[in-house]
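S.K.: Next comes the structure file final.cif, holding mmCIF, C-alpha atoms and all ligand atoms.
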data_my_file
loop_
_atom_site.label_atom_id
_atom_site.label_comp_id
_atom_site.auth_asym_id
_atom_site.auth_seq_id
_atom_site.Cartn_x
_atom_site.Cartn_y
_atom_site.Cartn_z
CA MET A 1 -0.65 -8.78 -24.60
CA ASN A 2 2.15 -11.13 -25.49
CA LEU A 3 2.47 -12.99 -22.17
CA GLU A 4 5.73 -14.69 -23.07
CA LYS A 5 7.35 -11.30 -23.71
CA PHE A 6 5.85 -9.87 -20.52
CA VAL A 7 7.00 -12.63 -18.16
CA ARG A 8 10.68 -12.95 -17.12
CA LYS A 9 12.35 -15.82 -18.94
CA ASN A 10 13.31 -17.73 -15.77
CA ILE A 11 9.68 -17.62 -14.61
CA TRP A 12 8.30 -18.60 -18.02
CA ASP A 13 10.66 -21.57 -18.19
CA MET A 14 10.28 -22.89 -14.64
CA GLU A 15 8.13 -25.82 -13.53
CA ALA A 16 5.70 -25.11 -10.67
CA TYR A 17 6.26 -26.78 -7.29
CA SER A 18 3.67 -29.49 -6.91
CA ALA A 19 2.42 -31.51 -3.95
CA ALA A 20 1.18 -35.11 -4.24
CA ARG A 21 -2.37 -34.00 -3.35
CA ASP A 22 -2.47 -31.60 -6.33
CA LEU A 23 -2.19 -34.60 -8.63
CA VAL A 24 -5.30 -36.52 -7.45
CA ALA A 25 -9.03 -35.75 -7.58
CA LYS A 26 -10.74 -34.43 -4.40
CA GLY A 27 -11.77 -37.33 -2.15
CA ASP A 28 -11.61 -39.05 1.21
CA TYR A 29 -8.02 -40.29 1.40
CA ILE A 30 -5.58 -41.31 4.10
CA PHE A 31 -2.91 -38.65 3.81
CA LEU A 32 0.55 -40.13 4.18
CA ASP A 33 2.20 -37.90 1.60
CA ALA A 34 3.26 -34.63 3.23
CA ASN A 35 5.03 -35.54 6.49
CA GLU A 36 2.29 -33.97 8.62
CA ASN A 37 1.40 -35.02 12.16
CA PRO A 38 -1.76 -37.19 11.80
CA TYR A 39 -3.30 -35.73 15.04
CA GLY A 40 -5.02 -32.39 15.63
CA ASN A 41 -7.41 -29.90 13.98
CA TRP A 42 -4.94 -27.72 12.10
CA ASN A 43 -2.45 -30.49 11.27
CA ARG A 44 -3.03 -30.56 7.50
CA TYR A 45 -1.59 -28.21 4.92
CA PRO A 46 -4.22 -25.85 3.48
CA ASP A 47 -5.48 -26.01 -0.11
CA PRO A 48 -2.73 -24.22 -2.09
CA LEU A 49 -5.23 -22.97 -4.68
CA GLN A 50 -7.91 -21.95 -2.14
CA ILE A 51 -10.67 -23.47 -4.30
CA ASP A 52 -13.50 -23.22 -1.72
CA PRO A 53 -13.26 -19.50 -0.92
CA LYS A 54 -12.49 -18.75 -4.57
CA THR A 55 -15.62 -20.61 -5.74
CA LEU A 56 -17.85 -18.50 -3.49
CA LEU A 57 -16.08 -15.29 -4.44
CA ALA A 58 -16.14 -16.11 -8.16
CA ASN A 59 -19.95 -16.33 -7.97
CA ILE A 60 -20.23 -13.00 -6.21
CA LYS A 61 -17.84 -11.22 -8.56
CA GLY A 62 -19.02 -12.83 -11.80
CA VAL A 63 -15.64 -14.32 -12.76
CA LYS A 64 -14.21 -17.83 -13.03
CA VAL A 65 -12.04 -19.43 -10.37
CA ALA A 66 -9.37 -19.64 -13.07
CA ASN A 67 -9.25 -15.82 -13.21
CA MET A 68 -8.24 -15.51 -9.56
CA VAL A 69 -5.10 -15.49 -7.45
CA MET A 70 -5.36 -15.31 -3.67
CA GLY A 71 -2.57 -13.92 -1.59
CA ASN A 72 -1.28 -13.11 1.85
CA GLY A 73 -2.85 -9.66 1.58
CA SER A 74 -3.14 -7.80 -1.70
CA ASP A 75 0.42 -6.63 -1.09
CA GLU A 76 1.53 -10.17 -1.92
CA ILE A 77 -0.42 -10.17 -5.20
CA LEU A 78 1.26 -6.89 -6.17
CA ASP A 79 4.68 -8.26 -5.24
CA LEU A 80 4.07 -11.39 -7.35
CA LEU A 81 3.10 -9.26 -10.36
CA TYR A 82 6.37 -7.30 -10.06
CA ARG A 83 8.33 -10.52 -9.52
CA ILE A 84 7.03 -12.41 -12.55
CA SER A 85 7.40 -9.50 -14.96
CA CYS A 86 10.14 -7.07 -13.97
CA ASN A 87 13.76 -7.90 -14.69
CA PRO A 88 15.80 -6.31 -11.87
CA GLN A 89 17.88 -3.26 -12.90
CA LYS A 90 16.21 -3.20 -16.32
CA ASP A 91 12.44 -2.81 -16.17
CA ASN A 92 10.26 -0.16 -14.58
CA VAL A 93 6.84 0.38 -13.01
CA ILE A 94 4.77 3.58 -13.20
CA SER A 95 2.29 4.87 -10.64
CA LEU A 96 0.81 8.13 -9.40
CA ALA A 97 1.92 10.45 -6.61
CA PRO A 98 0.64 10.69 -4.00
CA SER A 99 -0.56 7.11 -3.78
CA TYR A 100 -0.15 3.93 -1.73
CA GLY A 101 3.47 3.73 -0.55
CA MET A 102 3.83 0.00 -1.07
CA TYR A 103 4.13 0.38 -4.86
CA TYR A 104 7.46 2.16 -4.31
CA THR A 105 8.58 -0.25 -1.57
CA LEU A 106 7.93 -3.23 -3.85
CA ALA A 107 9.93 -1.58 -6.62
CA CYS A 108 12.87 -1.19 -4.22
CA LEU A 109 12.54 -4.79 -3.00
CA ASN A 110 12.52 -6.10 -6.56
CA ASP A 111 15.33 -3.76 -7.70
CA VAL A 112 13.05 -2.18 -10.26
CA GLU A 113 12.90 1.48 -11.31
CA PHE A 114 9.84 3.33 -10.01
CA ARG A 115 8.43 6.20 -12.08
CA GLU A 116 5.84 8.58 -10.67
CA VAL A 117 3.33 10.87 -12.34
CA MET A 118 2.22 13.73 -10.11
CA LEU A 119 -1.52 14.15 -9.62
CA ASP A 120 -2.91 17.63 -10.35
CA ASP A 121 -4.36 19.93 -7.67
CA ASP A 122 -7.72 18.11 -7.92
CA PHE A 123 -5.89 14.83 -7.26
CA ASP A 124 -6.59 13.72 -10.82
CA PHE A 125 -4.41 12.65 -13.78
CA LEU A 126 -4.26 12.65 -17.57
CA PRO A 127 -3.70 9.22 -19.14
CA SER A 128 -1.42 10.87 -21.72
CA ASP A 129 0.97 11.99 -18.93
CA ILE A 130 1.30 8.39 -17.75
CA LEU A 131 1.69 6.97 -21.25
CA ALA A 132 4.38 9.57 -21.98
CA LYS A 133 6.45 8.18 -19.08
CA ALA A 134 6.28 4.61 -20.41
CA ASP A 135 8.98 3.03 -22.57
CA GLN A 136 9.75 -0.47 -23.83
CA ASN A 137 10.89 -1.48 -20.32
CA THR A 138 7.72 -0.39 -18.56
CA LYS A 139 5.99 -3.57 -17.40
CA ILE A 140 3.26 -2.31 -15.09
CA ILE A 141 1.14 0.82 -14.56
CA ILE A 142 -0.58 0.82 -11.17
CA ILE A 143 -3.65 2.95 -10.51
CA CYS A 144 -5.07 2.97 -7.01
CA SER A 145 -8.78 3.76 -7.24
CA PRO A 146 -10.16 5.02 -4.92
CA ASN A 147 -6.73 6.41 -4.25
CA ASN A 148 -4.95 6.28 -0.92
CA PRO A 149 -4.34 8.84 0.67
CA THR A 150 -6.54 11.23 -1.34
CA GLY A 151 -9.68 9.08 -0.98
CA LYS A 152 -10.87 9.90 -4.49
CA ALA A 153 -11.82 7.35 -7.16
CA PHE A 154 -10.67 7.98 -10.73
CA ASP A 155 -12.88 8.05 -13.82
CA THR A 156 -13.08 4.49 -15.19
CA ASN A 157 -12.75 5.85 -18.74
CA LYS A 158 -9.30 7.19 -17.90
CA ILE A 159 -8.23 3.80 -16.58
CA LEU A 160 -9.58 2.11 -19.71
CA GLU A 161 -7.70 4.57 -21.89
CA LEU A 162 -4.50 3.33 -20.24
CA VAL A 163 -5.53 -0.31 -20.66
CA LYS A 164 -6.22 0.22 -24.36
CA ASN A 165 -3.05 2.15 -25.11
CA PHE A 166 -0.40 0.48 -22.95
CA ASN A 167 1.47 -2.58 -24.07
CA GLY A 168 1.92 -4.01 -20.57
CA LEU A 169 -0.12 -4.63 -17.47
CA VAL A 170 -2.51 -2.06 -15.97
CA VAL A 171 -3.16 -2.97 -12.34
CA VAL A 172 -6.13 -1.30 -10.67
CA ASP A 173 -5.84 -1.47 -6.90
CA GLU A 174 -9.45 -1.45 -5.68
CA ALA A 175 -8.75 -1.88 -1.96
CA TYR A 176 -11.45 0.72 -1.18
CA ASN A 177 -13.88 0.07 -4.04
CA ASP A 178 -16.57 -1.28 -1.68
CA PHE A 179 -16.95 2.23 -0.24
CA ALA A 180 -17.21 3.94 -3.62
CA ASP A 181 -20.35 4.58 -5.60
CA MET A 182 -18.89 3.03 -8.73
CA GLU A 183 -18.53 -0.35 -10.39
CA SER A 184 -15.40 -2.42 -10.14
CA CYS A 185 -13.14 -2.71 -13.19
CA ILE A 186 -13.60 -6.48 -12.87
CA LYS A 187 -16.35 -6.24 -15.48
CA TYR A 188 -13.76 -5.27 -18.13
CA LEU A 189 -11.51 -8.28 -17.52
CA LYS A 190 -13.13 -10.28 -20.30
CA ASP A 191 -12.31 -7.51 -22.80
CA PHE A 192 -8.67 -6.89 -21.89
CA ASP A 193 -6.00 -9.46 -21.10
CA ASN A 194 -3.64 -6.75 -19.82
CA LEU A 195 -5.98 -5.64 -17.03
CA VAL A 196 -5.58 -6.84 -13.43
CA VAL A 197 -7.87 -5.84 -10.58
CA VAL A 198 -6.60 -6.25 -7.04
CA GLN A 199 -8.95 -6.28 -4.04
CA THR A 200 -8.51 -7.04 -0.36
CA PHE A 201 -10.30 -8.52 2.65
CA SER A 202 -8.49 -6.01 4.90
CA LYS A 203 -10.82 -3.05 4.51
CA ALA A 204 -14.60 -3.41 4.00
CA TRP A 205 -14.50 -7.14 4.84
CA GLY A 206 -12.81 -6.48 8.18
CA LEU A 207 -10.15 -9.23 8.03
CA ALA A 208 -6.94 -7.15 8.05
CA SER A 209 -5.42 -9.30 10.77
CA LEU A 210 -5.70 -12.48 8.68
CA ARG A 211 -3.95 -11.15 5.55
CA ALA A 212 -6.07 -11.95 2.51
CA GLY A 213 -6.08 -10.33 -0.90
CA VAL A 214 -7.32 -11.30 -4.35
CA GLY A 215 -6.10 -10.57 -7.87
CA TYR A 216 -8.49 -10.91 -10.83
CA MET A 217 -6.81 -11.37 -14.20
CA SER A 218 -6.71 -13.39 -17.43
CA GLU A 219 -6.57 -17.16 -16.97
CA GLU A 220 -3.11 -17.35 -18.56
CA LEU A 221 -1.67 -14.69 -16.27
CA ALA A 222 -3.36 -16.23 -13.20
CA LYS A 223 -1.73 -19.56 -14.07
CA MET A 224 1.66 -17.86 -14.19
CA VAL A 225 1.18 -16.06 -10.86
CA ASN A 226 -0.15 -19.20 -9.16
CA LYS A 227 2.92 -21.02 -10.40
CA VAL A 228 5.23 -18.56 -8.66
CA LYS A 229 3.48 -17.94 -5.33
CA MET A 230 4.48 -19.86 -2.22
CA PRO A 231 2.37 -23.07 -2.26
CA TYR A 232 0.69 -22.44 1.10
CA ASN A 233 0.55 -18.64 1.03
CA MET A 234 -2.93 -18.52 2.58
CA ASP A 235 -3.46 -20.52 5.77
CA GLY A 236 -6.46 -22.74 6.45
CA PHE A 237 -7.93 -20.54 9.19
CA THR A 238 -7.96 -17.58 6.81
CA GLN A 239 -9.63 -19.61 4.05
CA LYS A 240 -12.31 -20.72 6.51
CA SER A 241 -12.85 -17.17 7.79
CA ILE A 242 -13.24 -15.83 4.25
CA ILE A 243 -15.93 -18.45 3.55
CA GLU A 244 -17.81 -17.39 6.70
CA LYS A 245 -17.64 -13.73 5.66
CA LEU A 246 -18.81 -14.48 2.13
CA GLN A 247 -21.83 -16.33 3.52
CA ASP A 248 -23.03 -13.16 5.25
CA LEU A 249 -23.32 -10.64 2.43
CA ASP A 250 -26.18 -8.85 4.24
CA GLY A 251 -24.01 -8.21 7.27
CA PHE A 252 -21.20 -7.01 5.01
CA GLN A 253 -23.46 -4.58 3.14
CA LYS A 254 -24.96 -3.21 6.37
CA GLN A 255 -21.50 -2.48 7.76
CA VAL A 256 -20.34 -0.78 4.56
CA THR A 257 -23.50 1.38 4.52
CA LEU A 258 -22.93 2.34 8.15
CA LEU A 259 -19.29 3.27 7.52
CA ILE A 260 -20.23 5.42 4.53
CA SER A 261 -22.91 7.25 6.50
CA GLU A 262 -20.46 7.71 9.40
CA ARG A 263 -17.92 9.14 6.96
CA GLU A 264 -20.44 11.74 5.81
CA ARG A 265 -21.52 12.53 9.38
CA LEU A 266 -17.94 12.93 10.63
CA MET A 267 -17.00 15.10 7.66
CA LYS A 268 -20.03 17.32 8.27
CA ASN A 269 -19.20 17.67 11.97
CA LEU A 270 -15.56 18.52 11.27
CA SER A 271 -16.56 21.12 8.69
CA SER A 272 -17.77 23.30 11.60
CA LEU A 273 -14.23 23.60 13.02
CA PRO A 274 -12.64 26.91 12.03
CA TYR A 275 -9.03 25.68 11.98
CA ILE A 276 -9.74 23.12 9.24
CA GLU A 277 -8.92 24.72 5.92
CA LYS A 278 -10.25 21.93 3.74
CA ILE A 279 -11.94 18.55 3.93
CA TYR A 280 -11.33 16.50 0.78
CA PRO A 281 -14.23 14.51 -0.69
CA SER A 282 -13.87 10.75 -0.31
CA ASP A 283 -15.03 7.52 -1.93
CA SER A 284 -13.31 5.46 0.78
CA ASN A 285 -13.50 4.65 4.50
CA PHE A 286 -11.10 7.52 5.20
CA PHE A 287 -10.66 11.14 4.19
CA MET A 288 -8.07 13.88 4.38
CA ILE A 289 -8.30 17.22 6.14
CA LYS A 290 -5.95 20.16 5.69
CA THR A 291 -5.00 22.46 8.52
CA PRO A 292 -1.99 24.75 8.97
CA ARG A 293 -1.90 23.49 12.59
CA HIS A 294 -1.62 19.86 11.54
CA LYS A 295 1.36 18.99 13.77
CA GLU A 296 -0.15 20.51 16.94
CA LEU A 297 -3.47 18.85 16.15
CA MET A 298 -1.88 15.41 15.67
CA ASP A 299 -0.10 15.79 19.05
CA PHE A 300 -3.23 16.96 20.83
CA VAL A 301 -5.36 14.16 19.45
CA LEU A 302 -2.68 11.60 20.35
CA LYS A 303 -2.53 12.92 23.94
CA ASN A 304 -6.23 12.16 24.03
CA GLY A 305 -5.67 8.57 22.96
CA ILE A 306 -6.44 8.76 19.23
CA ILE A 307 -3.95 8.04 16.44
CA LEU A 308 -4.39 9.80 13.09
CA ARG A 309 -2.10 9.58 10.07
CA SER A 310 -0.09 12.63 8.98
CA ARG A 311 0.29 12.78 5.19
CA HIS A 312 2.12 16.14 5.35
CA SER A 313 5.32 14.76 3.82
CA MET A 314 3.60 13.35 0.73
CA PRO A 315 3.51 15.34 -2.51
CA LYS A 316 0.50 17.69 -2.81
CA CYS A 317 -0.51 16.82 0.77
CA GLN A 318 1.12 19.63 2.72
CA ASN A 319 -0.61 20.13 6.10
CA CYS A 320 -2.83 17.11 5.48
CA ILE A 321 -4.00 14.49 7.97
CA ARG A 322 -5.75 11.27 6.95
CA ILE A 323 -8.61 10.16 9.16
CA THR A 324 -10.04 6.62 9.11
CA VAL A 325 -13.77 6.36 9.83
CA GLY A 326 -14.39 4.42 13.05
CA THR A 327 -17.49 3.31 14.95
CA PRO A 328 -20.10 6.03 15.72
CA GLU A 329 -18.72 6.19 19.29
CA GLN A 330 -15.11 6.53 18.10
CA ASN A 331 -16.12 9.22 15.61
CA ASP A 332 -18.01 11.13 18.33
CA LYS A 333 -14.96 10.94 20.59
CA LEU A 334 -12.71 12.26 17.81
CA PHE A 335 -15.06 15.17 17.15
CA GLU A 336 -15.24 15.99 20.86
CA VAL A 337 -11.43 16.05 21.12
CA MET A 338 -11.05 18.09 17.93
CA LYS A 339 -13.66 20.60 19.18
CA LYS A 340 -11.58 21.09 22.33
CA PHE A 341 -8.49 21.74 20.23
C1 LIG B 401 -4.47 1.06 -1.65
C2 LIG B 401 -4.09 -0.10 -0.82
N1 LIG B 401 -3.83 -1.27 -1.40
C3 LIG B 401 -3.48 -2.34 -0.68
C4 LIG B 401 -3.38 -2.26 0.69
C5 LIG B 401 -2.92 -3.46 1.46
O1 LIG B 401 -3.90 -4.40 1.52
P1 LIG B 401 -3.61 -5.83 2.17
O2 LIG B 401 -3.89 -5.69 3.62
O3 LIG B 401 -4.59 -6.69 1.45
O4 LIG B 401 -2.20 -6.21 1.88
C6 LIG B 401 -3.65 -1.07 1.34
C7 LIG B 401 -3.52 -0.97 2.80
O5 LIG B 401 -3.56 0.04 3.43
C8 LIG B 401 -4.01 0.05 0.56
O6 LIG B 401 -4.27 1.23 1.13
#
Here is a file; write its structure as structure tokens.

M.R.:
Amino acid sequence: MNLEKFVRKNIWDMEAYSAARDLVAKGDYIFLDANENPYGNWNRYPDPLQIDPKTLLANIKGVKVANMVMGNGSDEILDLLYRISCNPQKDNVISLAPSYGMYYTLACLNDVEFREVMLDDDFDFLPSDILAKADQNTKIIIICSPNNPTGKAFDTNKILELVKNFNGLVVVDEAYNDFADMESCIKYLKDFDNLVVVQTFSKAWGLASLRAGVGYMSEELAKMVNKVKMPYNMDGFTQKSIIEKLQDLDGFQKQVTLLISERERLMKNLSSLPYIEKIYPSDSNFFMIKTPRHKELMDFVLKNGIILRSRHSMPKCQNCIRITVGTPEQNDKLFEVMKKF
């Protein structure tokens, strides 16, 4: 990919903001450079490039620190990718429908045209349909896999077909990949400089409240994105919490295994309820059910203290409700309430 052609001219030309500390080697200094209060525990600005959590994560994921961008949630990484590449009122982004709503919201925020390719009745797509929608102003194709709200992961070969045949960026949003029985697309980064994989600490890692996401991409592109992001976009407490999480991979894996087995148990229980027309297979920590009584069911469940997510208004999701897998106790409670309904 020709990065200079891909990146907006103003971004390509600009100098990054730099702090005095960025210019010196790591060491034990007296910091009188950034107008901080010298007292306290959280008085210092955090590392703008998040080197410590990135170093741990790079080892786990088999990439280099230079291939990574960390953000205030993966939503920020996606926004930065739009911002560096899409000229407002000129360029466009393509994604699938139904999929994660933020791709459209970011297009609106950045004044960029958003093109959608409808999934088929099996919630799948043909790469040729996406490529047919692309033109010389298409900068990004986003594929959410496993997809939200359908729960289903796409065939990696289809994603790679897009990567090979599209002259722009293919972003694979792997927010739910930890729950899927398939490898991450991260392993293809070394082969394709137009591939970006976005992951998050908000789902399997259980840190949604802290806002932490990661983008994996070519070194050149990562440099460009790091140049544009707010210098202190990830606070020090979050960086510390990520390090703690990454030091307990056993605990992480146990929790993911539990959530997957709870997903299967809850789906099996719900399959005994006659008013549920369909339960969609899932590679995520959520799944969709279809029932003609979806509105009444949502109300009933809410009256019993449980919030579910209606997806009825989304394309191909008529009468559908998305259910997030909870703890065994929460899942039992949901089943009890749904049995009463
Ligand atoms: C597919 C997908 N990507 C990204 C996100 C947002 O992740 P983050 O919390 O890292 O911004 C979500 C949140 O629901 C999601 O479903």

S.K.: Taking only C-alpha atoms and all ligand atoms into account, which residues have an atom no farther than 6 Å from ligand LIG 401 (chain B)? I'd like them as a list in words.

M.R.: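 Every residue with an atom at most 6 Å from ligand LIG 401 (chain B) is listed here: Gly73, Ser74, Asp75, Tyr100, Cys144, Asn148, Asp173, Ala175, Thr200, Ser202, Ala208, Arg211, Ala212 and Gly213 of chain A.
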
S.K.: Please identify all polymer residues within 10 Å of region 34-50 of chain A, counting only C-alpha atoms, omitting same-chain residues fewer than 6 positions from it, and present them as a list in words.

M.R.: Ser18, Ala19, Ala20, Arg21, Asp22, Val65, Ala66, Met68, Val69, Met70, Gly71, Asn226, Lys229, Met230, Pro231, Tyr232, Asn233, Met234, Asp235, Gly236, Phe237, Thr238, Gln239 and Lys240 of chain A

S.K.: Mind dumping a table of every region 47-100 of chain A residue within 12 Å of region 306-314 of chain A, with the nearest atom pair and its distance in Å to one decimal, using all atoms listed in the file, sorted by chain and rising number, as a Markdown table?

M.R.:
| residue | atom | partner | partner_atom | distance |
| --- | --- | --- | --- | --- |
| A:Leu96 | CA | A:Met314 | CA | 11.7 |
| A:Ala97 | CA | A:Met314 | CA | 8.1 |
| A:Pro98 | CA | A:Met314 | CA | 6.2 |
| A:Ser99 | CA | A:Met314 | CA | 8.8 |
| A:Tyr100 | CA | A:Met314 | CA | 10.4 |

S.K.: Keeping only C-alpha atoms, write the selected residues as a PDB file, in the coordinates of the input.

M.R.:
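What landed in selection-v5.pdb:
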ATOM      1  CA  LEU A  96       0.810   8.130  -9.400  1.00  0.00           C
ATOM      2  CA  ALA A  97       1.920  10.450  -6.610  1.00  0.00           C
ATOM      3  CA  PRO A  98       0.640  10.690  -4.000  1.00  0.00           C
ATOM      4  CA  SER A  99      -0.560   7.110  -3.780  1.00  0.00           C
ATOM      5  CA  TYR A 100      -0.150   3.930  -1.730  1.00  0.00           C
TER       6      TYR A 100
END

S.K.: Name the residues in contact with region 116-127 of chain A at a cut-off of 8 Å, using all atoms listed in the file, excluding same-chain residues fewer than 5 positions from it; report them as a ChimeraX atom specification.

M.R.: /A:94-98,133,150,152,154,158-159,161-162,315-316

S.K.: Distance table requested - region 57-153 of chain A against region 275-285 of chain A, cut-off 7 Å, all atoms listed in the file: one row per qualifying residue with the closest atom pair and its distance in Å to one decimal, ordered by chain and rising residue number, as a Markdown table.

M.R.:
| residue | atom | partner | partner_atom | distance |
| --- | --- | --- | --- | --- |
| A:Pro146 | CA | A:Asp283 | CA | 6.2 |
| A:Gly151 | CA | A:Ser282 | CA | 4.6 |
| A:Lys152 | CA | A:Ser282 | CA | 5.2 |
| A:Ala153 | CA | A:Asp283 | CA | 6.1 |

S.K.: Please list as a list in words every residue within 12 Å of Leu273 (chain A), counting only C-alpha atoms and excluding residues in the same chain fewer than 4 positions away.

M.R.: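 In the requested format, the answer is Leu266, Met267, Lys268, Asn269, Glu277, Lys278, Ile279, Ile289, Lys290, Thr291, Phe335, Glu336, Val337, Met338, Lys339, Lys340 and Phe341 of chain A.
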
S.K.: Looking at A:Phe114, A:Tyr176, A:Tyr104, A:Phe166, which one is nearest to Pro149 (chain A), with distances taken over only C-alpha atoms?

M.R.: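 With only C-alpha atoms as the atom set, the closest residue is A:Tyr176.
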
S.K.: Would you work out the distance separating CA of Ala58 (chain A) from CA of Tyr216 (chain A), expressed in Å to one decimal?

M.R.: 9.6 Å

S.K.: With all atoms listed in the file as the atoms that count, which of A:Trp205, A:Tyr17, A:Tyr188, A:Trp12 lies nearest to Met217 (chain A)?

M.R.: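 Distance minimum relative to Met217 (chain A) lands on A:Tyr188.
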
S.K.: CA of Ile130 (chain A) to CA of Phe6 (chain A): how many Å, to one decimal?

M.R.: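 Here the two named atoms are 19.0 Å from each other.
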
S.K.: So what do you get for CA of Asp178 (chain A) versus CA of Asn319 (chain A), distance-wise?

M.R.: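 If I compute the distance from CA of Asp178 (chain A) to CA of Asn319 (chain A), I get 27.8 Å.
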
S.K.: Which residue, A:Lys223, A:Glu296, A:Asn167, A:Phe201, has the smallest gap to Asn2 (chain A) when you use all atoms listed in the file?

M.R.: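 When distances to Asn2 (chain A) are compared using all atoms listed in the file, the smallest one comes from A:Asn167.
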